[in-house]
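Contents: one structure, followed by commentary.
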Amino acid sequence: MRFLLVYPPLDSHTRYWHPHLGLGYLSAVLEAAGHETEVADAVAEGWGIGAFSERFDRMRRPDAVLITATTSEISGAHDVASVVKAASRDIVTVVGGPHATALPEATLRQYPDFDIACIGEGELTVRELAQALEGGNPLKAVKGIAYRQGGEIVVTPCRDSIGDLDALPFPRWEGFPLARYSALMGLKPGLELPVMSGRGCPNRCVFCQRALGSTVRVRSAANVADEVDRDVALGAKSIYFCDETFTLSKKRTVALMQELMRRGLEKKVSWHCETRVDSVDAETLRLMRQAGCRMVAFGVESGSDRVLKEAGKAITSEMVRAAYKAAKEAGLLTYMYLIFGLPYETEESVKETVGLLMEADPDYVTIGILVPYPGTEVLAMAERGLGGLRLLSSDWRDYSKQSGKALELESLPAARLRRLQSEAYVRFYLRPSKIRRLLEMASLSGMARMTLERAKMAIGRAKRHR
Ligand code: B12
């Protein structure tokens, strides 16, 4: 069969600096099973839906189109499905990714041009789906999907998460526009490829969807290093380890670092990763630096121990200070992720968060405003009016962490949260020591460009008030 894999156009000006890992895996398993795949990464290509439609008209017709989407991308994904269906009702449209995983049935109800929704990990599902579409098995025999039958939507039984990740082929990057991806911030310029060394997260943060489940599965150090080797051969100058908590197990981290160094990969490629402040220590961070790590990002979320506790984050501000100190001493660049508007947030707790940001002083920060993604505890809380949360929008396009349009607190209205976010960005980045960092980010990310715009607006406001 012939498949077209699509990363849909985004409304925002966001650009990504690496190809989509989920689509890379789907392409790999389909090709291994003897199918043909083509990729349309609308974000990397800078295509809006009009440009996608023109390209689609000129392509050889696929049998099925596989579209990935988070929540804020779902309506763009449906625009793609509509273009496909307008060209031919016979092409099967399949949607997958975090949004369809959380709301498979509702997604098919809301968006008529999707035929099938994939729930959770897709590698085994697409393989079986291809067989079913070729006429082998009925759709109802494929676990982990929702599909239409007459006027009804059928949801098949859940599929177990993939136990042996080493058995998967490496993500396939042929067909992706590799020249269009480039490393971000402080890393070697040039191609950056994503690698996930384990899947699943055991933690219970109220704001997180746990899109790949809560059962942790890790790949062997040799298997991960083989993929990094392969990526270097493809021309990668840097690697983004996009595990939810890269250093979840110290033993595993040490084994992976040793394997990377045994192969001399630290001299060929630099890398960055995301993790938790409670899963690193000075020794591990030093080893990571030796093994080629250039930057580590921590999900800090809040500087208030009370808010952190309510959010189920299970870390303290003291741990945050210690982790940033150790990471800097190890010679790493540091990144901080924060969220304003968590349950029970107040003006005072936001002030504590900004205080911790200035004190820990990472190289970069992203400040999101809480979004109640489907499948999260905060959505259930907002629906019941708990934690002071109030839902503002059910338009999925508003579900981006930078926009602050989806949720507010009784004590902190949306406009106030956005104002606090702008002020924090301005206070952090508009310092001589940070301007370079902001400009580096702005060349690639919509978020940073927005910060610059907001900074300009805030400066304008401050001048007017003077
Ligand atoms: C790396 C990452 C990023 C990267 C890259 C994202 C990208 N587009 O490649 C960056 C930093 C850019 C990013 C940005 C954002 N992210 Co992010 N990100 C992740 C992270 C940590 C890993 C994603 C990944 O590579 N997974 C590995 C691959 C293998 O999994 P996958 O992509 O989900 O694909 C598998 C399945 O979902 C499925 N599948 C996926 N698509 C399809 C399609 C079909 C047809 C089929 C059959 C199957 C299928 O099969 C794949 C293989 O198993 C996840 C957490 C997580 N565990 O997923 C969050 C996560 C995806 N991000 C999230 C969010 C919210 C965002 C942002 C919206 C935040 C913001 N700034 O507002 C942004 C913007 C994205 C957007 N425009 O919507 C949420 C999404 C929640 C939701 N329901 O929307 C997640 C789940 C984090 C969380 N726990 O809440 N993110």
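To be explicit about the labels: the chains of the structure tokens are called A, B, and onward in the order shown, and within each one the residues are counted from 1, while ligands get numbers from 1 in the order they are shown.
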
Compute the set of protein, DNA and RNA residues whose minimum atom distance to ligand 1 is at most 6 Å, using only C-alpha atoms and all ligand atoms, and state it as a VMD selection string. chain A and resid 16 20 to 22 25 66 to 68 70 to 73 94 to 99 118 120 to 123 126 208 to 212 242 to 244 373 to 374 400 to 402

If you run DSSP on the backbone here, which positions in segment 123-171 of chain A get helix (DSSP H, G or I)? Please write them as an mmCIF file with C-alpha atoms, in the first residue's frame.
```
data_model
loop_
_atom_site.group_PDB
_atom_site.id
_atom_site.type_symbol
_atom_site.label_atom_id
_atom_site.label_comp_id
_atom_site.auth_asym_id
_atom_site.auth_seq_id
_atom_site.Cartn_x
_atom_site.Cartn_y
_atom_site.Cartn_z
ATOM 1 C CA GLU A 123 3.811 1.008 15.295
ATOM 2 C CA LEU A 124 1.948 -2.287 15.702
ATOM 3 C CA THR A 125 -1.418 -0.707 14.986
ATOM 4 C CA VAL A 126 -0.499 0.703 11.551
ATOM 5 C CA ARG A 127 1.020 -2.592 10.515
ATOM 6 C CA GLU A 128 -2.198 -4.437 11.296
ATOM 7 C CA LEU A 129 -4.285 -1.598 9.924
ATOM 8 C CA ALA A 130 -2.461 -1.854 6.590
ATOM 9 C CA GLN A 131 -3.259 -5.574 6.471
ATOM 10 C CA ALA A 132 -6.894 -4.887 7.296
ATOM 11 C CA LEU A 133 -7.161 -2.166 4.653
ATOM 12 C CA LEU A 139 -11.053 -3.467 11.247
ATOM 13 C CA LYS A 140 -12.608 -4.764 14.427
ATOM 14 C CA ALA A 141 -9.680 -7.181 14.764
ATOM 15 C CA LEU A 165 11.491 -1.169 22.292
ATOM 16 C CA ASP A 166 14.780 -2.616 20.997
ATOM 17 C CA ALA A 167 12.707 -4.720 18.602
#
```

Test item, strand (DSSP E) assignment across segment 12-114 of chain A, answer as a ChimeraX atom specification: /A:36-41,64-68,92-96

Which one of A:Gly312, A:Gly385, A:Pro343, A:Pro194 sits closest to Trp17 of chain A if you count only C-alpha atoms?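 With only C-alpha atoms as the atom set, the closest residue is A:Pro194.
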
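From atom CA of Gly292 of chain A back to atom CA of Gly331 of chain A, the distance works out to 11.0 Å.
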
By how many Å are atom CA of Lys313 of chain A and atom CA of Ser279 of chain A apart? 12.7 Å

With only C-alpha atoms as the atoms that count, which of A:Asp305, A:Glu134, A:Glu440, A:Glu174 lies nearest to Pro189 of chain A? A:Glu440

Can you work out which one of A:Leu407, A:Leu420, A:Ala322, A:Leu370 has the shortest atom-to-atom distance to Ser393 of chain A, counting only C-alpha atoms?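 With only C-alpha atoms as the atom set, the closest residue is A:Leu407.
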
Write out as a ChimeraX atom specification the residues lying within 8 Å of Pro202 of chain A, counting only C-alpha atoms and excluding same-chain residues fewer than 4 positions away. /A:214-216

Same residues, N, CA, C and O atoms, output as a PDB file, in the first residue's frame:
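Okay, result28.pdb is ready:
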```pdb
ATOM      1  N   SER A 214       1.907   5.110  31.398  1.00  0.00           N
ATOM      2  CA  SER A 214       2.679   5.283  32.625  1.00  0.00           C
ATOM      3  C   SER A 214       3.642   4.121  32.871  1.00  0.00           C
ATOM      4  O   SER A 214       4.411   4.132  33.822  1.00  0.00           O
ATOM      5  N   THR A 215       3.603   3.117  32.004  1.00  0.00           N
ATOM      6  CA  THR A 215       4.552   2.007  32.156  1.00  0.00           C
ATOM      7  C   THR A 215       5.868   2.394  31.489  1.00  0.00           C
ATOM      8  O   THR A 215       5.901   2.695  30.286  1.00  0.00           O
ATOM      9  N   VAL A 216       6.937   2.389  32.297  1.00  0.00           N
ATOM     10  CA  VAL A 216       8.234   2.798  31.746  1.00  0.00           C
ATOM     11  C   VAL A 216       8.903   1.626  31.041  1.00  0.00           C
ATOM     12  O   VAL A 216       8.967   0.524  31.571  1.00  0.00           O
TER      13      VAL A 216
END
```

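For the residues A:Gly213, A:Gly24, A:Gly48, A:Gly303, ranking by smallest atom-to-atom distance to Glu359 of chain A using only C-alpha atoms places A:Gly303 first.
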
Neighbours of Glu301 of chain A within 6 Å (only C-alpha atoms; same-chain residues fewer than 5 positions away dropped), as a ChimeraX atom specification? /A:337-339

Pull N, CA and C atoms from the residues just selected and write them as a PDB file, in the first residue's frame.
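See part.pdb below for the written result:
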```pdb
ATOM      1  N   TYR A 337      11.561  24.926  32.262  1.00  0.00           N
ATOM      2  CA  TYR A 337      10.161  25.004  31.833  1.00  0.00           C
ATOM      3  C   TYR A 337       9.317  25.386  33.039  1.00  0.00           C
ATOM      4  N   LEU A 338       8.510  26.424  32.891  1.00  0.00           N
ATOM      5  CA  LEU A 338       7.628  26.855  33.979  1.00  0.00           C
ATOM      6  C   LEU A 338       6.178  26.876  33.499  1.00  0.00           C
ATOM      7  N   ILE A 339       5.260  26.743  34.441  1.00  0.00           N
ATOM      8  CA  ILE A 339       3.834  26.888  34.110  1.00  0.00           C
ATOM      9  C   ILE A 339       3.225  27.893  35.091  1.00  0.00           C
TER      10      ILE A 339
END
```

Surrounding residues of Val83 of chain A excluding itself and chain neighbours under 3 positions, 9 Å, only C-alpha atoms, as a list in words: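 Near Val83 of chain A, the qualifying residues are Ile49, Phe52, Ser53, Phe56, His78, Asp79, Val80, Ala86, Ala87 and Ser88 of chain A.
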
Residues as selected, C-alpha atoms, written as a CSV table (one decimal), in the first residue's frame, can you do that?
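The resulting file, selection.csv, is reproduced below:
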```csv
chain,number,residue,atom,x,y,z
A,49,ILE,CA,-3.3,24.4,4.2
A,52,PHE,CA,-0.5,21.6,1.2
A,53,SER,CA,-3.5,21.3,-1.0
A,56,PHE,CA,-1.3,17.1,-2.6
A,78,HIS,CA,-8.7,17.8,10.1
A,79,ASP,CA,-8.1,20.5,7.4
A,80,VAL,CA,-5.6,18.1,5.9
A,86,ALA,CA,-12.2,16.5,-1.4
A,87,ALA,CA,-9.7,14.9,-3.8
A,88,SER,CA,-11.1,11.4,-3.3
```

Counting only C-alpha atoms, figure out which residue out of A:Asp41, A:Asp398, A:Glu152, A:Glu192 gets nearest to His272 of chain A.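 With only C-alpha atoms as the atom set, the closest residue is A:Glu192.
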
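Between Ile435 of chain A and the candidates A:Arg263, A:Ser249, A:Asp363, A:Asp278, the tightest atom-to-atom separation, counting only C-alpha atoms, involves A:Asp363.
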
Selection near Met319 of chain A, 10 Å with only C-alpha atoms, sequence-local residues under 6 positions removed, as number ranges by chain: A: 276-280, 300, 325

Might you pull out every residue within 12 Å of Gly34 of chain A, with only C-alpha atoms counted and same-chain residues fewer than 3 positions away left off, and present them as a ChimeraX atom specification? /A:1-3,27-31,37,127,130-131

Filtering to all heavy atoms, could you give me those residues as a compact mmCIF listing (two decimals), in the first residue's frame?
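Contents of the output file result_7.txt:
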```txt
# COMPACT_ATOMS: atom_id res chain seq x y z
N MET A 1 0.84 -1.20 0.00
CA MET A 1 0.00 0.00 0.00
C MET A 1 0.87 1.24 0.00
O MET A 1 2.03 1.19 0.39
CB MET A 1 -0.87 0.03 1.27
CG MET A 1 -2.08 -0.86 1.22
SD MET A 1 -3.04 -0.62 2.72
CE MET A 1 -4.04 0.79 2.32
N ARG A 2 0.25 2.33 -0.38
CA ARG A 2 0.98 3.60 -0.42
C ARG A 2 0.42 4.54 0.65
O ARG A 2 -0.78 4.81 0.67
CB ARG A 2 0.73 4.19 -1.81
CG ARG A 2 1.81 5.04 -2.30
CD ARG A 2 1.50 5.51 -3.70
NE ARG A 2 1.83 6.93 -3.78
CZ ARG A 2 3.06 7.38 -3.68
NH1 ARG A 2 4.07 6.57 -3.53
NH2 ARG A 2 3.30 8.68 -3.74
N PHE A 3 1.31 4.99 1.53
CA PHE A 3 0.88 5.86 2.63
C PHE A 3 1.52 7.24 2.51
O PHE A 3 2.71 7.35 2.21
CB PHE A 3 1.33 5.28 3.98
CG PHE A 3 0.58 4.04 4.38
CD1 PHE A 3 1.02 2.79 3.97
CD2 PHE A 3 -0.58 4.12 5.15
CE1 PHE A 3 0.34 1.64 4.33
CE2 PHE A 3 -1.27 2.98 5.51
CZ PHE A 3 -0.81 1.74 5.11
N SER A 27 6.79 5.45 9.54
CA SER A 27 7.36 5.24 8.22
C SER A 27 8.26 4.00 8.25
O SER A 27 8.20 3.16 7.33
CB SER A 27 8.16 6.49 7.81
OG SER A 27 8.89 6.23 6.66
N ALA A 28 9.07 3.86 9.31
CA ALA A 28 10.00 2.72 9.40
C ALA A 28 9.25 1.39 9.41
O ALA A 28 9.61 0.46 8.68
CB ALA A 28 10.87 2.85 10.65
N VAL A 29 8.20 1.28 10.24
CA VAL A 29 7.54 -0.03 10.32
C VAL A 29 6.76 -0.34 9.04
O VAL A 29 6.72 -1.49 8.61
CB VAL A 29 6.59 -0.17 11.55
CG1 VAL A 29 7.36 -0.20 12.84
CG2 VAL A 29 5.53 0.89 11.60
N LEU A 30 6.20 0.68 8.42
CA LEU A 30 5.45 0.42 7.19
C LEU A 30 6.38 0.00 6.06
O LEU A 30 6.09 -0.94 5.33
CB LEU A 30 4.63 1.66 6.80
CG LEU A 30 3.42 1.93 7.70
CD1 LEU A 30 2.82 3.31 7.42
CD2 LEU A 30 2.34 0.85 7.53
N GLU A 31 7.51 0.70 5.92
CA GLU A 31 8.47 0.32 4.87
C GLU A 31 8.98 -1.10 5.13
O GLU A 31 9.10 -1.89 4.20
CB GLU A 31 9.64 1.31 4.83
CG GLU A 31 9.24 2.70 4.34
CD GLU A 31 9.27 2.84 2.82
OE1 GLU A 31 9.91 2.00 2.16
OE2 GLU A 31 8.65 3.80 2.30
N THR A 37 6.07 4.69 1.64
CA THR A 37 5.64 5.87 2.41
C THR A 37 6.21 7.14 1.81
O THR A 37 7.33 7.15 1.30
CB THR A 37 6.09 5.79 3.89
OG1 THR A 37 7.51 5.77 3.95
CG2 THR A 37 5.52 4.58 4.61
N ARG A 127 0.69 -1.38 11.27
CA ARG A 127 1.02 -2.59 10.51
C ARG A 127 -0.23 -3.45 10.31
O ARG A 127 -0.53 -3.88 9.21
CB ARG A 127 2.08 -3.38 11.27
CG ARG A 127 3.17 -3.87 10.36
CD ARG A 127 4.43 -4.27 11.02
NE ARG A 127 4.24 -5.09 12.21
CZ ARG A 127 5.22 -5.33 13.07
NH1 ARG A 127 6.40 -4.81 12.89
NH2 ARG A 127 5.01 -6.08 14.13
N ALA A 130 -2.78 -1.71 8.02
CA ALA A 130 -2.46 -1.85 6.59
C ALA A 130 -2.98 -3.20 6.08
O ALA A 130 -3.59 -3.27 5.01
CB ALA A 130 -0.95 -1.73 6.38
N GLN A 131 -2.76 -4.25 6.88
CA GLN A 131 -3.26 -5.57 6.47
C GLN A 131 -4.77 -5.55 6.34
O GLN A 131 -5.35 -6.05 5.38
CB GLN A 131 -2.90 -6.63 7.52
CG GLN A 131 -1.46 -7.08 7.46
CD GLN A 131 -1.12 -7.98 8.64
OE1 GLN A 131 -1.90 -8.13 9.58
NE2 GLN A 131 0.06 -8.57 8.59
```
